[in-house]
$ cat structure-v6.pdb   # PDB, C-alpha atoms, pLDDT in the B column
ATOM      1  CA  MET M   1      -6.664  53.710  22.446  1.00 89.00           C
ATOM      2  CA  LEU M   2      -5.442  53.703  18.842  1.00 94.00           C
ATOM      3  CA  ILE M   3      -2.805  51.126  17.930  1.00 97.00           C
ATOM      4  CA  GLY M   4      -1.076  50.986  14.547  1.00 97.00           C
ATOM      5  CA  LEU M   5      -1.164  47.471  13.075  1.00 98.00           C
ATOM      6  CA  THR M   6       0.965  46.396  10.109  1.00 98.00           C
ATOM      7  CA  MET M   7      -0.338  44.096   7.382  1.00 97.00           C
ATOM      8  CA  ARG M   8       0.960  41.495   4.979  1.00 94.00           C
ATOM      9  CA  ILE M   9       0.881  41.958   1.199  1.00 91.00           C
ATOM     10  CA  THR M  10      -1.241  39.473  -0.748  1.00 90.00           C
ATOM     11  CA  GLU M  11      -1.773  39.098  -4.481  1.00 86.00           C
ATOM     12  CA  ASN M  12      -4.961  38.417  -6.401  1.00 82.00           C
ATOM     13  CA  THR M  13      -3.466  36.329  -9.183  1.00 79.00           C
ATOM     14  CA  SER M  14      -6.615  36.318 -11.348  1.00 85.00           C
ATOM     15  CA  TYR M  15      -5.996  39.931 -12.362  1.00 82.00           C
ATOM     16  CA  VAL M  16      -2.701  40.786 -10.638  1.00 80.00           C
ATOM     17  CA  GLU M  17      -3.771  43.126  -7.881  1.00 88.00           C
ATOM     18  CA  TYR M  18      -1.744  43.620  -4.719  1.00 88.00           C
ATOM     19  CA  ARG M  19      -3.545  44.110  -1.436  1.00 91.00           C
ATOM     20  CA  ASP M  20      -2.680  44.786   2.178  1.00 93.00           C
ATOM     21  CA  SER M  21      -4.499  42.376   4.470  1.00 95.00           C
ATOM     22  CA  ILE M  22      -4.790  41.389   8.111  1.00 96.00           C
ATOM     23  CA  SER M  23      -6.338  38.355   9.774  1.00 95.00           C
ATOM     24  CA  HIS M  24      -9.679  38.868  11.511  1.00 96.00           C
ATOM     25  CA  ASP M  25      -8.028  37.128  14.473  1.00 95.00           C
ATOM     26  CA  TRP M  26      -6.125  40.336  15.192  1.00 96.00           C
ATOM     27  CA  ILE M  27      -9.235  42.517  15.095  1.00 96.00           C
ATOM     28  CA  ASN M  28     -11.060  40.169  17.454  1.00 95.00           C
ATOM     29  CA  TYR M  29      -8.075  39.872  19.780  1.00 95.00           C
ATOM     30  CA  LEU M  30      -7.554  43.616  20.087  1.00 96.00           C
ATOM     31  CA  SER M  31     -11.254  44.251  20.647  1.00 95.00           C
ATOM     32  CA  ASN M  32     -11.000  42.167  23.833  1.00 92.00           C
ATOM     33  CA  TYR M  33      -8.740  44.904  25.191  1.00 93.00           C
ATOM     34  CA  GLY M  34     -10.835  47.810  23.922  1.00 92.00           C
ATOM     35  CA  ILE M  35      -8.267  48.639  21.249  1.00 93.00           C
ATOM     36  CA  SER M  36      -9.161  50.145  17.878  1.00 87.00           C
ATOM     37  CA  PRO M  37      -6.454  49.229  15.341  1.00 96.00           C
ATOM     38  CA  ILE M  38      -5.301  51.691  12.708  1.00 96.00           C
ATOM     39  CA  LEU M  39      -4.144  49.619   9.737  1.00 96.00           C
ATOM     40  CA  LEU M  40      -0.750  50.810   8.527  1.00 95.00           C
ATOM     41  CA  PRO M  41      -0.365  50.442   4.748  1.00 92.00           C
ATOM     42  CA  ASN M  42       2.545  49.178   2.726  1.00 89.00           C
ATOM     43  CA  TYR M  43       3.652  51.331  -0.219  1.00 77.00           C
ATOM     44  CA  SER M  44       2.867  54.557   1.626  1.00 69.00           C
ATOM     45  CA  ALA M  45       4.542  57.484  -0.125  1.00 74.00           C
ATOM     46  CA  ASP M  46       5.280  59.185   3.187  1.00 84.00           C
ATOM     47  CA  ILE M  47       4.752  56.875   6.151  1.00 87.00           C
ATOM     48  CA  GLN M  48       6.331  59.384   8.519  1.00 86.00           C
ATOM     49  CA  SER M  49       3.702  62.038   7.733  1.00 89.00           C
ATOM     50  CA  PHE M  50       0.922  59.449   7.843  1.00 90.00           C
ATOM     51  CA  MET M  51       1.970  58.218  11.280  1.00 91.00           C
ATOM     52  CA  ALA M  52       2.376  61.766  12.564  1.00 89.00           C
ATOM     53  CA  SER M  53      -1.153  62.640  11.419  1.00 92.00           C
ATOM     54  CA  ILE M  54      -2.813  60.126  13.746  1.00 91.00           C
ATOM     55  CA  SER M  55      -2.580  59.903  17.521  1.00 92.00           C
ATOM     56  CA  LEU M  56      -1.119  56.434  17.937  1.00 95.00           C
ATOM     57  CA  SER M  57      -0.461  54.991  21.380  1.00 96.00           C
ATOM     58  CA  GLY M  58       1.637  52.097  20.066  1.00 98.00           C
ATOM     59  CA  ILE M  59       2.488  49.887  17.092  1.00 98.00           C
ATOM     60  CA  ILE M  60       2.115  46.151  16.499  1.00 99.00           C
ATOM     61  CA  ILE M  61       4.301  44.657  13.772  1.00 98.00           C
ATOM     62  CA  SER M  62       2.343  41.560  12.830  1.00 97.00           C
ATOM     63  CA  GLY M  63       3.403  38.165  11.518  1.00 93.00           C
ATOM     64  CA  GLY M  64       3.075  36.268   8.267  1.00 86.00           C
ATOM     65  CA  ASP M  65       5.570  35.511   5.467  1.00 83.00           C
ATOM     66  CA  SER M  66       9.360  35.725   5.592  1.00 83.00           C
ATOM     67  CA  ILE M  67      11.940  38.496   5.719  1.00 86.00           C
ATOM     68  CA  ILE M  68      13.919  38.606   2.468  1.00 79.00           C
ATOM     69  CA  ASP M  69      17.260  40.417   2.194  1.00 75.00           C
ATOM     70  CA  ASN M  70      17.969  39.678  -1.466  1.00 69.00           C
ATOM     71  CA  PRO M  71      14.776  38.800  -3.381  1.00 75.00           C
ATOM     72  CA  THR M  72      15.271  36.496  -6.369  1.00 74.00           C
ATOM     73  CA  ASN M  73      11.692  35.899  -7.551  1.00 77.00           C
ATOM     74  CA  HIS M  74       8.246  37.496  -7.746  1.00 76.00           C
ATOM     75  CA  THR M  75       6.997  36.250  -4.376  1.00 78.00           C
ATOM     76  CA  GLU M  76      10.175  37.307  -2.595  1.00 81.00           C
ATOM     77  CA  ASN M  77       9.860  40.770  -4.154  1.00 83.00           C
ATOM     78  CA  ILE M  78       6.424  41.103  -2.542  1.00 81.00           C
ATOM     79  CA  TYR M  79       7.810  40.049   0.851  1.00 82.00           C
ATOM     80  CA  HIS M  80      10.733  42.448   0.451  1.00 87.00           C
ATOM     81  CA  GLN M  81       8.407  45.404  -0.145  1.00 88.00           C
ATOM     82  CA  ARG M  82       6.821  44.647   3.204  1.00 92.00           C
ATOM     83  CA  ASP M  83      10.294  44.569   4.781  1.00 93.00           C
ATOM     84  CA  ILE M  84      10.957  48.077   3.473  1.00 92.00           C
ATOM     85  CA  SER M  85       7.604  49.393   4.712  1.00 93.00           C
ATOM     86  CA  GLU M  86       7.827  47.860   8.169  1.00 95.00           C
ATOM     87  CA  LEU M  87      11.427  48.869   8.766  1.00 95.00           C
ATOM     88  CA  SER M  88      10.344  52.441   8.029  1.00 95.00           C
ATOM     89  CA  ILE M  89       7.341  52.092  10.357  1.00 97.00           C
ATOM     90  CA  LEU M  90       9.605  50.691  13.073  1.00 97.00           C
ATOM     91  CA  GLU M  91      12.166  53.463  12.661  1.00 97.00           C
ATOM     92  CA  ASN M  92       9.491  56.160  12.806  1.00 96.00           C
ATOM     93  CA  GLY M  93       7.791  54.507  15.766  1.00 97.00           C
ATOM     94  CA  ILE M  94      11.057  54.555  17.709  1.00 98.00           C
ATOM     95  CA  ARG M  95      11.633  58.183  16.740  1.00 96.00           C
ATOM     96  CA  MET M  96       8.132  59.025  18.017  1.00 96.00           C
ATOM     97  CA  GLY M  97       8.762  57.167  21.282  1.00 97.00           C
ATOM     98  CA  LEU M  98       5.913  54.712  20.698  1.00 98.00           C
ATOM     99  CA  PRO M  99       5.750  51.308  22.415  1.00 99.00           C
ATOM    100  CA  ILE M 100       6.255  48.582  19.818  1.00 99.00           C
ATOM    101  CA  LEU M 101       5.229  44.922  19.888  1.00 99.00           C
ATOM    102  CA  GLY M 102       6.560  42.515  17.262  1.00 98.00           C
ATOM    103  CA  THR M 103       4.981  39.087  16.793  1.00 97.00           C
ATOM    104  CA  CYS M 104       6.469  36.201  14.778  1.00 94.00           C
ATOM    105  CA  ARG M 105       7.777  37.928  11.629  1.00 94.00           C
ATOM    106  CA  GLY M 106       7.600  41.263  13.452  1.00 97.00           C
ATOM    107  CA  PHE M 107       9.732  39.786  16.236  1.00 97.00           C
ATOM    108  CA  GLN M 108      12.355  38.829  13.651  1.00 96.00           C
ATOM    109  CA  LEU M 109      12.144  42.220  11.918  1.00 96.00           C
ATOM    110  CA  ILE M 110      12.947  44.068  15.149  1.00 98.00           C
ATOM    111  CA  ASN M 111      16.014  41.871  15.637  1.00 98.00           C
ATOM    112  CA  LYS M 112      17.092  42.604  12.051  1.00 96.00           C
ATOM    113  CA  PHE M 113      16.606  46.350  12.623  1.00 97.00           C
ATOM    114  CA  PHE M 114      18.972  46.199  15.591  1.00 98.00           C
ATOM    115  CA  LYS M 115      21.594  44.285  13.539  1.00 97.00           C
ATOM    116  CA  GLY M 116      20.700  40.785  14.703  1.00 97.00           C
ATOM    117  CA  ALA M 117      20.432  37.763  12.374  1.00 95.00           C
ATOM    118  CA  ILE M 118      17.707  35.327  11.327  1.00 92.00           C
ATOM    119  CA  THR M 119      18.109  31.598  10.636  1.00 88.00           C
ATOM    120  CA  SER M 120      15.910  29.903   8.003  1.00 81.00           C
ATOM    121  CA  ASN M 121      14.527  26.343   7.899  1.00 73.00           C
ATOM    122  CA  ILE M 122      14.779  25.783  11.650  1.00 77.00           C
ATOM    123  CA  SER M 123      12.418  22.800  11.429  1.00 65.00           C
ATOM    124  CA  LYS M 124      15.303  20.968   9.731  1.00 60.00           C
ATOM    125  CA  SER M 125      18.424  22.649  11.088  1.00 56.00           C
ATOM    126  CA  LYS M 126      17.212  22.907  14.709  1.00 58.00           C
ATOM    127  CA  ASP M 127      14.433  20.268  14.759  1.00 61.00           C
ATOM    128  CA  HIS M 128      12.032  23.008  15.853  1.00 60.00           C
ATOM    129  CA  PRO M 129       8.294  22.155  15.642  1.00 59.00           C
ATOM    130  CA  VAL M 130       6.139  24.026  13.123  1.00 66.00           C
ATOM    131  CA  ALA M 131       2.334  24.367  13.052  1.00 59.00           C
ATOM    132  CA  SER M 132       1.980  22.969  16.561  1.00 70.00           C
ATOM    133  CA  ASN M 133       2.318  24.000  20.179  1.00 86.00           C
ATOM    134  CA  HIS M 134       5.572  23.577  22.083  1.00 88.00           C
ATOM    135  CA  ASN M 135       6.997  24.535  25.456  1.00 92.00           C
ATOM    136  CA  ILE M 136       9.278  27.501  26.047  1.00 95.00           C
ATOM    137  CA  ASN M 137      11.313  28.523  29.076  1.00 96.00           C
ATOM    138  CA  ILE M 138      10.667  31.904  30.665  1.00 97.00           C
ATOM    139  CA  LEU M 139      13.874  33.385  32.057  1.00 97.00           C
ATOM    140  CA  THR M 140      14.168  35.627  35.094  1.00 96.00           C
ATOM    141  CA  ASN M 141      12.949  38.960  33.755  1.00 97.00           C
ATOM    142  CA  PRO M 142      11.438  42.351  34.692  1.00 97.00           C
ATOM    143  CA  ILE M 143       8.664  42.137  32.081  1.00 96.00           C
ATOM    144  CA  ILE M 144       6.518  39.345  33.498  1.00 97.00           C
ATOM    145  CA  PRO M 145       8.326  38.417  36.729  1.00 97.00           C
ATOM    146  CA  GLU M 146       5.447  36.208  37.848  1.00 97.00           C
ATOM    147  CA  PHE M 147       6.368  33.766  35.050  1.00 96.00           C
ATOM    148  CA  SER M 148      10.134  33.813  35.704  1.00 96.00           C
ATOM    149  CA  ASP M 149      11.842  30.403  35.726  1.00 96.00           C
ATOM    150  CA  SER M 150       8.759  28.607  34.423  1.00 96.00           C
ATOM    151  CA  GLU M 151       7.852  26.534  31.381  1.00 95.00           C
ATOM    152  CA  VAL M 152       4.755  27.395  29.327  1.00 94.00           C
ATOM    153  CA  SER M 153       3.202  26.296  26.047  1.00 92.00           C
ATOM    154  CA  VAL M 154       2.940  28.597  23.004  1.00 92.00           C
ATOM    155  CA  ASN M 155       2.028  28.102  19.351  1.00 89.00           C
ATOM    156  CA  SER M 156       4.566  27.824  16.543  1.00 82.00           C
ATOM    157  CA  TYR M 157       3.849  28.899  12.959  1.00 80.00           C
ATOM    158  CA  HIS M 158       7.358  29.868  11.884  1.00 68.00           C
ATOM    159  CA  ASP M 159      10.224  28.157  10.067  1.00 78.00           C
ATOM    160  CA  ASP M 160      12.604  31.077  10.542  1.00 87.00           C
ATOM    161  CA  GLY M 161      13.992  31.955  13.942  1.00 91.00           C
ATOM    162  CA  ILE M 162      16.598  33.734  16.028  1.00 95.00           C
ATOM    163  CA  CYS M 163      19.419  31.604  17.434  1.00 94.00           C
ATOM    164  CA  MET M 164      20.716  32.578  20.852  1.00 95.00           C
ATOM    165  CA  ASP M 165      23.991  33.920  19.457  1.00 96.00           C
ATOM    166  CA  ASP M 166      22.176  35.881  16.739  1.00 96.00           C
ATOM    167  CA  LEU M 167      20.055  38.046  19.014  1.00 98.00           C
ATOM    168  CA  SER M 168      20.982  41.721  18.702  1.00 98.00           C
ATOM    169  CA  LYS M 169      23.249  42.975  21.476  1.00 98.00           C
ATOM    170  CA  CYS M 170      20.668  45.739  21.995  1.00 98.00           C
ATOM    171  CA  LEU M 171      17.978  43.237  23.031  1.00 99.00           C
ATOM    172  CA  LYS M 172      17.539  41.007  26.086  1.00 99.00           C
ATOM    173  CA  PRO M 173      15.909  37.555  25.910  1.00 98.00           C
ATOM    174  CA  PHE M 174      13.149  36.648  28.334  1.00 98.00           C
ATOM    175  CA  ALA M 175      11.975  33.406  26.672  1.00 98.00           C
ATOM    176  CA  THR M 176      13.873  30.593  24.929  1.00 97.00           C
ATOM    177  CA  TRP M 177      13.297  27.200  23.350  1.00 92.00           C
ATOM    178  CA  GLU M 178      15.686  24.506  24.606  1.00 90.00           C
ATOM    179  CA  ASN M 179      18.482  27.072  25.054  1.00 87.00           C
ATOM    180  CA  THR M 180      18.737  27.111  21.255  1.00 90.00           C
ATOM    181  CA  LEU M 181      16.313  29.733  19.934  1.00 94.00           C
ATOM    182  CA  VAL M 182      15.061  33.016  21.352  1.00 97.00           C
ATOM    183  CA  GLU M 183      11.269  33.093  21.734  1.00 96.00           C
ATOM    184  CA  GLY M 184      10.844  36.462  23.433  1.00 98.00           C
ATOM    185  CA  PHE M 185      12.911  39.610  23.966  1.00 99.00           C
ATOM    186  CA  TYR M 186      12.670  43.169  25.236  1.00 99.00           C
ATOM    187  CA  HIS M 187      14.730  46.321  24.820  1.00 99.00           C
ATOM    188  CA  PRO M 188      16.180  47.476  28.167  1.00 98.00           C
ATOM    189  CA  ASN M 189      15.988  51.176  27.264  1.00 98.00           C
ATOM    190  CA  LEU M 190      13.101  51.456  24.792  1.00 98.00           C
ATOM    191  CA  PRO M 191       9.442  50.330  25.074  1.00 98.00           C
ATOM    192  CA  ILE M 192       9.964  47.447  22.642  1.00 99.00           C
ATOM    193  CA  LEU M 193       8.800  43.860  23.117  1.00 98.00           C
ATOM    194  CA  GLY M 194       8.992  40.897  20.732  1.00 98.00           C
ATOM    195  CA  ILE M 195       7.537  37.383  20.805  1.00 97.00           C
ATOM    196  CA  GLN M 196       7.998  34.592  18.276  1.00 95.00           C
ATOM    197  CA  TRP M 197       4.471  33.210  18.577  1.00 93.00           C
ATOM    198  CA  HIS M 198       1.001  34.494  17.592  1.00 92.00           C
ATOM    199  CA  PRO M 199      -1.045  35.689  20.596  1.00 93.00           C
ATOM    200  CA  GLU M 200      -4.026  36.361  18.320  1.00 94.00           C
ATOM    201  CA  ARG M 201      -4.152  32.657  17.364  1.00 88.00           C
ATOM    202  CA  THR M 202      -3.586  31.199  20.783  1.00 74.00           C
ATOM    203  CA  THR M 203      -5.879  28.755  22.547  1.00 65.00           C
ATOM    204  CA  SER M 204      -3.686  28.552  25.648  1.00 65.00           C
ATOM    205  CA  SER M 205      -5.136  29.235  29.079  1.00 65.00           C
ATOM    206  CA  ASN M 206      -1.807  29.646  30.909  1.00 82.00           C
ATOM    207  CA  GLY M 207      -2.200  33.431  31.176  1.00 92.00           C
ATOM    208  CA  LEU M 208       1.126  34.246  29.511  1.00 94.00           C
ATOM    209  CA  ASP M 209      -0.300  36.184  26.567  1.00 94.00           C
ATOM    210  CA  GLU M 210      -2.639  38.142  28.805  1.00 94.00           C
ATOM    211  CA  ALA M 211       0.214  39.092  31.144  1.00 96.00           C
ATOM    212  CA  LEU M 212       2.467  40.150  28.261  1.00 96.00           C
ATOM    213  CA  PHE M 213      -0.227  42.134  26.508  1.00 96.00           C
ATOM    214  CA  ASN M 214      -1.315  43.869  29.696  1.00 96.00           C
ATOM    215  CA  TYR M 215       2.312  44.842  30.306  1.00 97.00           C
ATOM    216  CA  TRP M 216       2.549  46.267  26.796  1.00 98.00           C
ATOM    217  CA  ILE M 217      -0.746  48.151  27.164  1.00 97.00           C
ATOM    218  CA  GLU M 218       0.621  49.763  30.320  1.00 97.00           C
ATOM    219  CA  LEU M 219       3.544  51.014  28.231  1.00 97.00           C
ATOM    220  CA  CYS M 220       1.085  52.435  25.701  1.00 97.00           C
ATOM    221  CA  ASN M 221      -0.845  54.203  28.458  1.00 95.00           C
ATOM    222  CA  SER M 222       2.216  55.703  30.135  1.00 89.00           C
TER     223      SER M 222
END
$ encode --input "structure-v6.pdb" --output "structure tokens"
Amino acid sequence: MLIGLTMRITENTSYVEYRDSISHDWINYLSNYGISPILLPNYSADIQSFMASISLSGIIISGGDSIIDNPTNHTENIYHQRDISELSILENGIRMGLPILGTCRGFQLINKFFKGAITSNISKSKDHPVASNHNINILTNPIIPEFSDSEVSVNSYHDDGICMDDLSKCLKPFATWENTLVEGFYHPNLPILGIQWHPERTTSSNGLDEALFNYWIELCNS
């Protein structure tokens, strides 16, 4: 199975070179499921033709960095270029009928694509924990019904988030934090799933990530 995997943009400041990069955690995580990732570049001249030239079964929009609507400095310009690339990848993936999984930043990008909003600095404005584990509530849902109405622990590496009222009307929540922030959503009519945490970094043994990923793989195989 070939899965397209997006990357962050990093900069080598010693001689100003921009690079696409991905954590080894993702490669190791996907190998556990027998998945060979195809790394999807930023700055592609024709991402639609590139994606059409390979037989993808699905797309993962990975995490890292922030989504920037109106860049005002050099670093934000780099982040914004990734926004442009990934929104194009997402649009083409939907057009191709591919299952899509968004994690952390990718989760937020999907909400933005469907006209939802993102709130910054949630560690201060919402007292949300960062760089630690915290509990989330799993709502009654058709995605992982065995976890419905339960509380599980996930990691948190984000200081941007989606407030309950800011989730796109096209998306349905299946996980929340203290009835304040959305932690997981799905699209009722498209094979799209989003989670705010990083499954590739997890050390949890509660089985949630495995259940979610197996569900998504079934979508990719269908």
$ residues_around --input "structure-v6.pdb" --residues "M:Ile22" --least-positions-apart "4" --cutoff "10 Å" --atoms "all atoms listed in the file" --output "ChimeraX atom specification"
/M:5-10,26-27,39,62-64
$ closest_residue --input "structure-v6.pdb" --among "M:Ser57, M:Asn189, M:Gln196, M:Asn42" --to "M:Cys104" --atoms "only C-alpha atoms"
M:Gln196
$ residues_near_point --input "structure-v6.pdb" --point "(-0.6, 39.8, -3.8)" --cutoff "10 Å" --atoms "all atoms listed in the file" --output "PDB file with C-alpha atoms, keeping the file's coordinate frame"
ATOM      1  CA  ARG M   8       0.960  41.495   4.979  1.00 94.00           C
ATOM      2  CA  ILE M   9       0.881  41.958   1.199  1.00 91.00           C
ATOM      3  CA  THR M  10      -1.241  39.473  -0.748  1.00 90.00           C
ATOM      4  CA  GLU M  11      -1.773  39.098  -4.481  1.00 86.00           C
ATOM      5  CA  ASN M  12      -4.961  38.417  -6.401  1.00 82.00           C
ATOM      6  CA  THR M  13      -3.466  36.329  -9.183  1.00 79.00           C
ATOM      7  CA  VAL M  16      -2.701  40.786 -10.638  1.00 80.00           C
ATOM      8  CA  GLU M  17      -3.771  43.126  -7.881  1.00 88.00           C
ATOM      9  CA  TYR M  18      -1.744  43.620  -4.719  1.00 88.00           C
ATOM     10  CA  ARG M  19      -3.545  44.110  -1.436  1.00 91.00           C
ATOM     11  CA  ASP M  20      -2.680  44.786   2.178  1.00 93.00           C
ATOM     12  CA  SER M  21      -4.499  42.376   4.470  1.00 95.00           C
ATOM     13  CA  HIS M  74       8.246  37.496  -7.746  1.00 76.00           C
ATOM     14  CA  THR M  75       6.997  36.250  -4.376  1.00 78.00           C
ATOM     15  CA  ILE M  78       6.424  41.103  -2.542  1.00 81.00           C
ATOM     16  CA  TYR M  79       7.810  40.049   0.851  1.00 82.00           C
TER      17      TYR M  79
END
$ closest_residue --input "structure-v6.pdb" --among "M:Tyr186, M:Val152, M:Met51, M:Thr119" --to "M:Asn133" --atoms "all atoms listed in the file"
M:Val152
$ atom_distance --input "structure-v6.pdb" --atom1 "atom CA of M:Pro199" --atom2 "atom CA of M:Gly161"
16.9 Å
